[in-house]
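Participant: Got a structure here, written out as structure tokens. Questions coming.
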Amino acid sequence: MQTQPNSWTRDAAQALYDLPLMDLLFRAQTVHRANFDPNKVQTSKLLSIKTGGCAEDCAYCSQSARNGSKLSASKLIEVERVLSEARKAKEGGATRFCMGAAWREPKDRDMAALVAMVEGVRDMGMESCMTLGMLSDTQVVQLRDAGLDYYNHNIDTSERYYSEVITTRTFADRIDTMNRVQEAGIKVCSGGILGMGEGVQDRMDMLVTLANMAPAPDSVPINMLMPQQDTPLADAKPIDPIDFVRVIAVARIMMPQSYVRLSAGRSDMSDELQAMCFFAGANSIFVGETLLTAENPEEDTDAVLFAKLGLQAEVAAQDSRADAAE
């Protein structure tokens with residue numbers, strides 16, 4: 001992973017996006033094969049550890065307490081329940097366990113439980129990831145010392161379009177949190193959502209922001225908006241599938257060593273569209289029936305698709321701590 005920033009521009013990203021589709025896919029697949037096994041896909045499991053009642057007003061999110069959603073708020077769930085779900089995820093083949101809380105930021109009183117969750121997941125030999133909103137310097141250090149591998153903090157869209165989607169937190173706030181996480185030595189997982197009414201230039205600006213980080217995010221989730229009832233984007237017009245594939249391909253070219261995750265929206269995608277996304281360079285998915293509060297293909301559906309395409313789930317590197325615990 002590069003440590004010096006790239007110097008991608010919107011014009012350069014747009015030039016890639018505008019290539020004839022076959023040329024773009026060929027270039028993306030060439031880059032992908034130079035950095036990854038083209039027939040392996042990294043699989044992650046996502047668990048909502050605290051649902052609903054979020055103070056943010058993200059227009060796409062059914063967990064916001066501000067946008068009219070009727071989803072009731074829950075408390076942070078117990079550590080052992082989280083670890084039980086992590087064990088099931090590992091048995092199902094997941095190599096990374098992601099934990100998401102609907103918060104603007106965690107409270108200090110929650111940190112002991114969060115640290116215990118990270119330590120428990122890591123002791124199982126899986127990679128750990130959390131998404132908790134903004135973090136203080138002290139909280140970042142606590143999570144790093146617990147062994148957190150990844151912190152997810154999506155930028156969602158371009159800086160220009162950001163205020164059309166979220167007003168309770170600035171684009172700069174998100175960048176500051178990611179910088180704080182990276183400076184502590186935790187890997188960053190950051191991407192965005194397509195289909196919120198943004199233009200192609202916004203999608204390219206989002207990718208430029210991510211690609212020019214030093215280093216670029218280790219994981220880049222690209223989400224297709226799944227309109228949720230009672231949210232401002234409930235009636236958003238779907239993104240054209242080929243446009244979606246183009247963004248995946250450009251992300252792969254601009255961030256050659258990052259995992260590009262085909263994230264939310266897969267339950268609405270055909271097998272053919274998912275296959276095109278994998279060919280364009282996507283090499284990570286979430287497995288399981290739900291992504292926080294959105295639907296996701298069930299594991300047996302993914303197994304059938306993988307068999308059709310000749311894909312295999314990536315196997316995690318052996319973790320010495322897991323060996324010691326057994």
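All residue names refer to the structure tokens as shown: chains lettered A, B, ... in order, residues numbered from 1 in each chain, ligands numbered from 1 in order.
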What are the DSSP strand (DSSP E or B) residues of range 95-155 of chain A, as a ChimeraX atom specification?
Facilitator: /A:96-101,127-131,150-152
Participant: Filtering to C-alpha atoms, could you give me those residues as a short mmCIF file (atom, residue, chain, number, x, y, z; two decimals), in the first residue's frame?
Facilitator:
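Saved as again_20.cif:
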```cif
data_model
loop_
_atom_site.label_atom_id
_atom_site.label_comp_id
_atom_site.auth_asym_id
_atom_site.auth_seq_id
_atom_site.Cartn_x
_atom_site.Cartn_y
_atom_site.Cartn_z
CA ARG A 96 -13.59 -10.23 8.57
CA PHE A 97 -16.21 -9.33 11.18
CA CYS A 98 -17.58 -5.81 11.01
CA MET A 99 -19.51 -4.16 13.85
CA GLY A 100 -21.62 -1.06 13.25
CA ALA A 101 -23.29 1.26 15.75
CA GLU A 127 -10.00 -9.43 11.07
CA SER A 128 -12.01 -6.89 13.04
CA CYS A 129 -13.71 -3.78 11.73
CA MET A 130 -15.90 -1.17 13.43
CA THR A 131 -17.96 1.79 12.32
CA TYR A 150 -10.08 -1.63 10.21
CA TYR A 151 -12.21 1.40 10.89
CA ASN A 152 -15.04 2.11 8.47
#
```
Participant: Select, from A:Tyr60, A:Tyr162, A:Phe286, A:Ser74, the residue with the minimum atom-to-atom distance to Pro232 in chain A, counting only C-alpha atoms.
Facilitator: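 Nearest to Pro232 in chain A: A:Tyr60.
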Participant: Select, from A:Leu311, A:Ile77, A:Val165, A:Val247, the residue with the minimum atom-to-atom distance to Met204 in chain A, counting only C-alpha atoms.
Facilitator: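 Checking each of A:Leu311, A:Ile77, A:Val165, A:Val247 against Met204 in chain A, counting only C-alpha atoms, the winner is A:Val247.
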Participant: When distances are computed from only C-alpha atoms, which of A:Val200, A:Val287, A:Val188, A:Leu46 shows the smallest separation from Asp18 in chain A?
Facilitator: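 Distance minimum relative to Asp18 in chain A lands on A:Val200.
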Participant: Kindly indicate which residue among A:Gln182, A:Ser136, A:Asn223, A:Gln201 lies nearest to Leu148 in chain A, using only C-alpha atoms for the distances.
Facilitator: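 Ranking A:Gln182, A:Ser136, A:Asn223, A:Gln201 by distance to Leu148 in chain A, first place goes to A:Gln182.
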Participant: So that I can see what lies close to Ala307 in chain A, please list as an MDAnalysis selection string the residues with an atom at most 12 Å from it, counting only C-alpha atoms and leaving out residues fewer than 6 positions away in the same chain.
Facilitator: chainID A and resid 39:40 271 275 300:301 313
Participant: If you keep N, CA, C and O atoms, can you produce a file of those selected residues as a PDB file, in the first residue's frame?
Facilitator:
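Heads up, here's the output in selection33.pdb:
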```
ATOM      1  N   ASN A  39      -9.884 -14.687  -9.100  1.00  0.00           N
ATOM      2  CA  ASN A  39     -10.961 -15.627  -8.798  1.00  0.00           C
ATOM      3  C   ASN A  39     -11.187 -15.808  -7.293  1.00  0.00           C
ATOM      4  O   ASN A  39     -11.857 -16.750  -6.879  1.00  0.00           O
ATOM      5  N   LYS A  40     -10.644 -14.884  -6.489  1.00  0.00           N
ATOM      6  CA  LYS A  40     -10.844 -14.927  -5.040  1.00  0.00           C
ATOM      7  C   LYS A  40     -11.587 -13.670  -4.610  1.00  0.00           C
ATOM      8  O   LYS A  40     -11.314 -12.558  -5.095  1.00  0.00           O
ATOM      9  N   ASP A 271     -27.472 -11.641 -11.290  1.00  0.00           N
ATOM     10  CA  ASP A 271     -26.194 -12.358 -11.321  1.00  0.00           C
ATOM     11  C   ASP A 271     -25.264 -11.744 -12.362  1.00  0.00           C
ATOM     12  O   ASP A 271     -24.052 -11.638 -12.150  1.00  0.00           O
ATOM     13  N   ALA A 275     -21.596 -10.206 -11.772  1.00  0.00           N
ATOM     14  CA  ALA A 275     -20.453 -10.765 -12.508  1.00  0.00           C
ATOM     15  C   ALA A 275     -19.656  -9.658 -13.182  1.00  0.00           C
ATOM     16  O   ALA A 275     -18.418  -9.664 -13.172  1.00  0.00           O
ATOM     17  N   ASP A 300     -26.476 -19.027   0.812  1.00  0.00           N
ATOM     18  CA  ASP A 300     -26.608 -20.068  -0.207  1.00  0.00           C
ATOM     19  C   ASP A 300     -26.753 -19.452  -1.598  1.00  0.00           C
ATOM     20  O   ASP A 300     -26.285 -20.018  -2.594  1.00  0.00           O
ATOM     21  N   THR A 301     -27.360 -18.265  -1.682  1.00  0.00           N
ATOM     22  CA  THR A 301     -27.451 -17.562  -2.959  1.00  0.00           C
ATOM     23  C   THR A 301     -26.065 -17.171  -3.443  1.00  0.00           C
ATOM     24  O   THR A 301     -25.741 -17.314  -4.630  1.00  0.00           O
ATOM     25  N   ALA A 313     -14.146 -18.029  -2.033  1.00  0.00           N
ATOM     26  CA  ALA A 313     -13.963 -17.101  -0.921  1.00  0.00           C
ATOM     27  C   ALA A 313     -12.499 -17.101  -0.502  1.00  0.00           C
ATOM     28  O   ALA A 313     -11.875 -18.160  -0.396  1.00  0.00           O
TER      29      ALA A 313
END
```
Participant: Excluding Pro215 in chain A and its own-chain neighbours fewer than 3 positions away, which residues fall within 12 Å of it when counting only C-alpha atoms? Please give them as a PyMOL selection string.
Facilitator: chain A and resi 1-6+178-179+181-183+185-190+209-212+218-219+255-258
Participant: With N, CA, C and O atoms retained, write the just-selected residues as a JSON list (two decimals), in the first residue's frame.
Facilitator:
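Here's the written file out09.json:
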```json
[["chain", "number", "residue", "atom", "x", "y", "z"],
["A", 1, "MET", "N", 0.84, -1.20, 0.00],
["A", 1, "MET", "CA", 0.00, 0.00, 0.00],
["A", 1, "MET", "C", 0.87, 1.24, 0.00],
["A", 1, "MET", "O", 1.81, 1.33, 0.79],
["A", 2, "GLN", "N", 0.57, 2.19, -0.93],
["A", 2, "GLN", "CA", 1.42, 3.36, -1.02],
["A", 2, "GLN", "C", 1.28, 4.23, 0.21],
["A", 2, "GLN", "O", 0.24, 4.28, 0.85],
["A", 3, "THR", "N", 2.38, 4.93, 0.59],
["A", 3, "THR", "CA", 2.34, 5.82, 1.74],
["A", 3, "THR", "C", 2.37, 7.29, 1.31],
["A", 3, "THR", "O", 2.11, 8.16, 2.11],
["A", 4, "GLN", "N", 2.74, 7.54, 0.06],
["A", 4, "GLN", "CA", 2.73, 8.89, -0.47],
["A", 4, "GLN", "C", 1.42, 9.12, -1.23],
["A", 4, "GLN", "O", 0.92, 8.23, -1.89],
["A", 5, "PRO", "N", 0.87, 10.34, -1.14],
["A", 5, "PRO", "CA", -0.41, 10.58, -1.82],
["A", 5, "PRO", "C", -0.27, 10.51, -3.33],
["A", 5, "PRO", "O", 0.76, 10.85, -3.90],
["A", 6, "ASN", "N", -1.31, 10.03, -3.99],
["A", 6, "ASN", "CA", -1.39, 10.09, -5.43],
["A", 6, "ASN", "C", -1.79, 11.51, -5.82],
["A", 6, "ASN", "O", -2.10, 12.35, -4.98],
["A", 178, "MET", "N", -10.84, 10.05, 9.62],
["A", 178, "MET", "CA", -10.02, 9.07, 8.91],
["A", 178, "MET", "C", -8.53, 9.35, 9.10],
["A", 178, "MET", "O", -7.74, 8.42, 9.28],
["A", 179, "ASN", "N", -8.16, 10.61, 9.09],
["A", 179, "ASN", "CA", -6.75, 10.95, 9.32],
["A", 179, "ASN", "C", -6.31, 10.52, 10.70],
["A", 179, "ASN", "O", -5.20, 9.99, 10.89],
["A", 181, "VAL", "N", -7.54, 8.11, 12.51],
["A", 181, "VAL", "CA", -7.47, 6.65, 12.53],
["A", 181, "VAL", "C", -6.18, 6.17, 11.87],
["A", 181, "VAL", "O", -5.47, 5.30, 12.39],
["A", 182, "GLN", "N", -5.87, 6.71, 10.70],
["A", 182, "GLN", "CA", -4.67, 6.29, 9.99],
["A", 182, "GLN", "C", -3.39, 6.62, 10.75],
["A", 182, "GLN", "O", -2.45, 5.83, 10.78],
["A", 183, "GLU", "N", -3.37, 7.80, 11.37],
["A", 183, "GLU", "CA", -2.18, 8.20, 12.12],
["A", 183, "GLU", "C", -1.92, 7.26, 13.29],
["A", 183, "GLU", "O", -0.77, 7.09, 13.72],
["A", 185, "GLY", "N", -2.42, 4.09, 13.11],
["A", 185, "GLY", "CA", -1.99, 2.80, 12.58],
["A", 185, "GLY", "C", -3.10, 1.82, 12.29],
["A", 185, "GLY", "O", -2.85, 0.65, 12.02],
["A", 186, "ILE", "N", -4.35, 2.28, 12.36],
["A", 186, "ILE", "CA", -5.50, 1.43, 12.02],
["A", 186, "ILE", "C", -5.81, 1.62, 10.53],
["A", 186, "ILE", "O", -5.78, 2.74, 10.01],
["A", 187, "LYS", "N", -6.11, 0.53, 9.84],
["A", 187, "LYS", "CA", -6.44, 0.63, 8.42],
["A", 187, "LYS", "C", -7.83, 1.23, 8.25],
["A", 187, "LYS", "O", -8.72, 1.02, 9.07],
["A", 188, "VAL", "N", -7.98, 1.96, 7.16],
["A", 188, "VAL", "CA", -9.24, 2.64, 6.89],
["A", 188, "VAL", "C", -10.05, 1.90, 5.83],
["A", 188, "VAL", "O", -9.51, 1.42, 4.84],
["A", 189, "CYS", "N", -11.34, 1.80, 6.09],
["A", 189, "CYS", "CA", -12.31, 1.29, 5.12],
["A", 189, "CYS", "C", -13.23, 2.47, 4.83],
["A", 189, "CYS", "O", -13.91, 2.97, 5.73],
["A", 190, "SER", "N", -13.24, 2.95, 3.58],
["A", 190, "SER", "CA", -14.05, 4.12, 3.27],
["A", 190, "SER", "C", -14.46, 4.09, 1.80],
["A", 190, "SER", "O", -13.65, 3.82, 0.92],
["A", 209, "THR", "N", -10.90, 11.84, -4.01],
["A", 209, "THR", "CA", -10.62, 12.08, -2.58],
["A", 209, "THR", "C", -10.05, 10.83, -1.92],
["A", 209, "THR", "O", -9.05, 10.89, -1.19],
["A", 210, "LEU", "N", -10.65, 9.68, -2.20],
["A", 210, "LEU", "CA", -10.19, 8.43, -1.58],
["A", 210, "LEU", "C", -8.82, 8.01, -2.12],
["A", 210, "LEU", "O", -7.93, 7.65, -1.35],
["A", 211, "ALA", "N", -8.66, 8.07, -3.44],
["A", 211, "ALA", "CA", -7.41, 7.60, -4.05],
["A", 211, "ALA", "C", -6.22, 8.46, -3.66],
["A", 211, "ALA", "O", -5.08, 7.97, -3.62],
["A", 212, "ASN", "N", -6.45, 9.74, -3.36],
["A", 212, "ASN", "CA", -5.35, 10.63, -3.03],
["A", 212, "ASN", "C", -5.00, 10.65, -1.54],
["A", 212, "ASN", "O", -4.10, 11.38, -1.12],
["A", 218, "ASP", "N", -7.66, 0.80, 2.61],
["A", 218, "ASP", "CA", -7.40, -0.61, 2.32],
["A", 218, "ASP", "C", -8.65, -1.29, 1.76],
["A", 218, "ASP", "O", -8.53, -2.24, 0.99],
["A", 219, "SER", "N", -9.80, -0.80, 2.17],
["A", 219, "SER", "CA", -11.07, -1.32, 1.65],
["A", 219, "SER", "C", -11.92, -0.15, 1.19],
["A", 219, "SER", "O", -12.00, 0.88, 1.88],
["A", 255, "MET", "N", -7.28, 2.79, -7.37],
["A", 255, "MET", "CA", -6.82, 2.24, -6.08],
["A", 255, "MET", "C", -6.47, 0.77, -6.27],
["A", 255, "MET", "O", -7.18, -0.12, -5.81],
["A", 256, "PRO", "N", -5.39, 0.49, -6.97],
["A", 256, "PRO", "CA", -5.08, -0.86, -7.43],
["A", 256, "PRO", "C", -4.86, -1.87, -6.32],
["A", 256, "PRO", "O", -5.08, -3.07, -6.52],
["A", 257, "GLN", "N", -4.41, -1.44, -5.15],
["A", 257, "GLN", "CA", -4.10, -2.37, -4.07],
["A", 257, "GLN", "C", -5.20, -2.45, -3.02],
["A", 257, "GLN", "O", -5.06, -3.18, -2.03],
["A", 258, "SER", "N", -6.27, -1.72, -3.20],
["A", 258, "SER", "CA", -7.38, -1.72, -2.25],
["A", 258, "SER", "C", -8.37, -2.83, -2.58],
["A", 258, "SER", "O", -8.59, -3.15, -3.76]]
```
Participant: For Arg174 in chain A, which of A:Met276, A:Leu132, A:Met196, A:Ala89 is the closest residue, counting only C-alpha atoms?
Facilitator: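 Looking at the shortest contact to Arg174 in chain A, the residue is A:Leu132.
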Participant: So that I can see what lies close to Ile239 in chain A, please list as JSON, numbers by chain the residues with an atom at most 10 Å from it, counting only C-alpha atoms and leaving out residues fewer than 2 positions away in the same chain.
Facilitator: {"A": [194, 195, 196, 197, 198, 224, 225, 236, 237, 241, 242, 243, 244]}
Participant: Restricted to N, CA, C and O atoms, what would the selected residues look like written as a JSON list (two decimals), in the first residue's frame?
Facilitator:
```
[["chain", "number", "residue", "atom", "x", "y", "z"],
["A", 194, "LEU", "N", -23.88, 5.25, -4.31],
["A", 194, "LEU", "CA", -24.26, 5.75, -5.62],
["A", 194, "LEU", "C", -25.78, 5.67, -5.78],
["A", 194, "LEU", "O", -26.41, 4.72, -5.33],
["A", 195, "GLY", "N", -26.34, 6.71, -6.41],
["A", 195, "GLY", "CA", -27.78, 6.71, -6.64],
["A", 195, "GLY", "C", -28.54, 7.63, -5.72],
["A", 195, "GLY", "O", -29.76, 7.51, -5.56],
["A", 196, "MET", "N", -27.85, 8.62, -5.11],
["A", 196, "MET", "CA", -28.50, 9.56, -4.19],
["A", 196, "MET", "C", -28.86, 10.87, -4.89],
["A", 196, "MET", "O", -29.16, 11.86, -4.22],
["A", 197, "GLY", "N", -28.79, 10.89, -6.23],
["A", 197, "GLY", "CA", -29.08, 12.10, -6.96],
["A", 197, "GLY", "C", -27.85, 12.87, -7.38],
["A", 197, "GLY", "O", -27.94, 13.93, -8.00],
["A", 198, "GLU", "N", -26.68, 12.32, -7.04],
["A", 198, "GLU", "CA", -25.41, 12.95, -7.40],
["A", 198, "GLU", "C", -25.13, 12.79, -8.89],
["A", 198, "GLU", "O", -25.70, 11.92, -9.55],
["A", 224, "MET", "N", -24.74, 0.61, -3.68],
["A", 224, "MET", "CA", -25.86, 1.07, -4.51],
["A", 224, "MET", "C", -27.00, 1.40, -3.56],
["A", 224, "MET", "O", -27.40, 0.55, -2.76],
["A", 225, "LEU", "N", -27.49, 2.64, -3.62],
["A", 225, "LEU", "CA", -28.54, 3.05, -2.69],
["A", 225, "LEU", "C", -29.71, 2.08, -2.72],
["A", 225, "LEU", "O", -30.22, 1.72, -3.78],
["A", 236, "ALA", "N", -35.77, 7.91, -4.52],
["A", 236, "ALA", "CA", -34.63, 8.23, -5.39],
["A", 236, "ALA", "C", -34.64, 7.35, -6.64],
["A", 236, "ALA", "O", -34.97, 6.16, -6.59],
["A", 237, "LYS", "N", -34.25, 7.95, -7.77],
["A", 237, "LYS", "CA", -34.18, 7.22, -9.03],
["A", 237, "LYS", "C", -32.99, 6.28, -9.01],
["A", 237, "LYS", "O", -31.88, 6.68, -8.67],
["A", 241, "PRO", "N", -27.30, 0.54, -14.18],
["A", 241, "PRO", "CA", -26.34, -0.52, -13.82],
["A", 241, "PRO", "C", -24.98, -0.39, -14.50],
["A", 241, "PRO", "O", -23.95, -0.67, -13.88],
["A", 242, "ILE", "N", -24.95, 0.03, -15.76],
["A", 242, "ILE", "CA", -23.67, 0.16, -16.45],
["A", 242, "ILE", "C", -22.86, 1.31, -15.84],
["A", 242, "ILE", "O", -21.63, 1.22, -15.71],
["A", 243, "ASP", "N", -23.54, 2.39, -15.44],
["A", 243, "ASP", "CA", -22.85, 3.47, -14.75],
["A", 243, "ASP", "C", -22.23, 2.97, -13.45],
["A", 243, "ASP", "O", -21.12, 3.38, -13.08],
["A", 244, "PHE", "N", -22.94, 2.09, -12.76],
["A", 244, "PHE", "CA", -22.42, 1.52, -11.52],
["A", 244, "PHE", "C", -21.15, 0.71, -11.80],
["A", 244, "PHE", "O", -20.14, 0.83, -11.09]]
```
Participant: I want to know what sits within 10 Å of Ala184 in chain A, based on only C-alpha atoms, with residues of the same chain fewer than 4 positions away left out; could you give that as a PyMOL selection string?
Facilitator: chain A and resi 137+140-141+143-145+178-180
Participant: Please dump the current selection as a PDB file, in the first residue's frame; keep N, CA, C and O atoms.
Facilitator:
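Once everything was written out, this is selection-v2.pdb:
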```
ATOM      1  N   ASP A 137      -9.267  11.314  20.037  1.00  0.00           N
ATOM      2  CA  ASP A 137      -7.912  10.758  20.015  1.00  0.00           C
ATOM      3  C   ASP A 137      -7.783   9.597  20.990  1.00  0.00           C
ATOM      4  O   ASP A 137      -7.173   8.570  20.679  1.00  0.00           O
ATOM      5  N   VAL A 140      -9.551   6.434  19.674  1.00  0.00           N
ATOM      6  CA  VAL A 140      -8.773   5.814  18.601  1.00  0.00           C
ATOM      7  C   VAL A 140      -7.662   4.951  19.189  1.00  0.00           C
ATOM      8  O   VAL A 140      -7.444   3.806  18.760  1.00  0.00           O
ATOM      9  N   VAL A 141      -6.958   5.477  20.175  1.00  0.00           N
ATOM     10  CA  VAL A 141      -5.862   4.735  20.804  1.00  0.00           C
ATOM     11  C   VAL A 141      -6.387   3.484  21.498  1.00  0.00           C
ATOM     12  O   VAL A 141      -5.776   2.405  21.425  1.00  0.00           O
ATOM     13  N   LEU A 143      -9.013   1.678  20.718  1.00  0.00           N
ATOM     14  CA  LEU A 143      -9.359   0.681  19.708  1.00  0.00           C
ATOM     15  C   LEU A 143      -8.105   0.090  19.064  1.00  0.00           C
ATOM     16  O   LEU A 143      -8.031  -1.110  18.806  1.00  0.00           O
ATOM     17  N   ARG A 144      -7.120   0.938  18.822  1.00  0.00           N
ATOM     18  CA  ARG A 144      -5.866   0.433  18.246  1.00  0.00           C
ATOM     19  C   ARG A 144      -5.202  -0.552  19.202  1.00  0.00           C
ATOM     20  O   ARG A 144      -4.747  -1.632  18.789  1.00  0.00           O
ATOM     21  N   ASP A 145      -5.143  -0.201  20.467  1.00  0.00           N
ATOM     22  CA  ASP A 145      -4.481  -1.075  21.449  1.00  0.00           C
ATOM     23  C   ASP A 145      -5.243  -2.377  21.644  1.00  0.00           C
ATOM     24  O   ASP A 145      -4.657  -3.390  22.045  1.00  0.00           O
ATOM     25  N   MET A 178     -10.845  10.051   9.618  1.00  0.00           N
ATOM     26  CA  MET A 178     -10.019   9.066   8.909  1.00  0.00           C
ATOM     27  C   MET A 178      -8.533   9.348   9.103  1.00  0.00           C
ATOM     28  O   MET A 178      -7.741   8.424   9.278  1.00  0.00           O
ATOM     29  N   ASN A 179      -8.158  10.611   9.086  1.00  0.00           N
ATOM     30  CA  ASN A 179      -6.752  10.951   9.315  1.00  0.00           C
ATOM     31  C   ASN A 179      -6.306  10.519  10.703  1.00  0.00           C
ATOM     32  O   ASN A 179      -5.203   9.990  10.886  1.00  0.00           O
ATOM     33  N   ARG A 180      -7.164  10.742  11.687  1.00  0.00           N
ATOM     34  CA  ARG A 180      -6.848  10.365  13.067  1.00  0.00           C
ATOM     35  C   ARG A 180      -6.667   8.845  13.174  1.00  0.00           C
ATOM     36  O   ARG A 180      -5.753   8.359  13.844  1.00  0.00           O
TER      37      ARG A 180
END
```
Participant: Have a look at A:Leu135, A:Gly125, A:Asp240, A:Asp23 and name the one nearest to Lys107 in chain A; count only C-alpha atoms.
Facilitator: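 Of the candidates, the smallest distance to Lys107 in chain A is held by A:Leu135.
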Participant: Hey, what's within 12 Å of Ser84 in chain A if we count only C-alpha atoms and toss same-chain stuff fewer than 2 positions away? As a VMD selection string, please?
Facilitator: chain A and resid 47 77 to 82 86 to 91 97 117 120 to 121 124
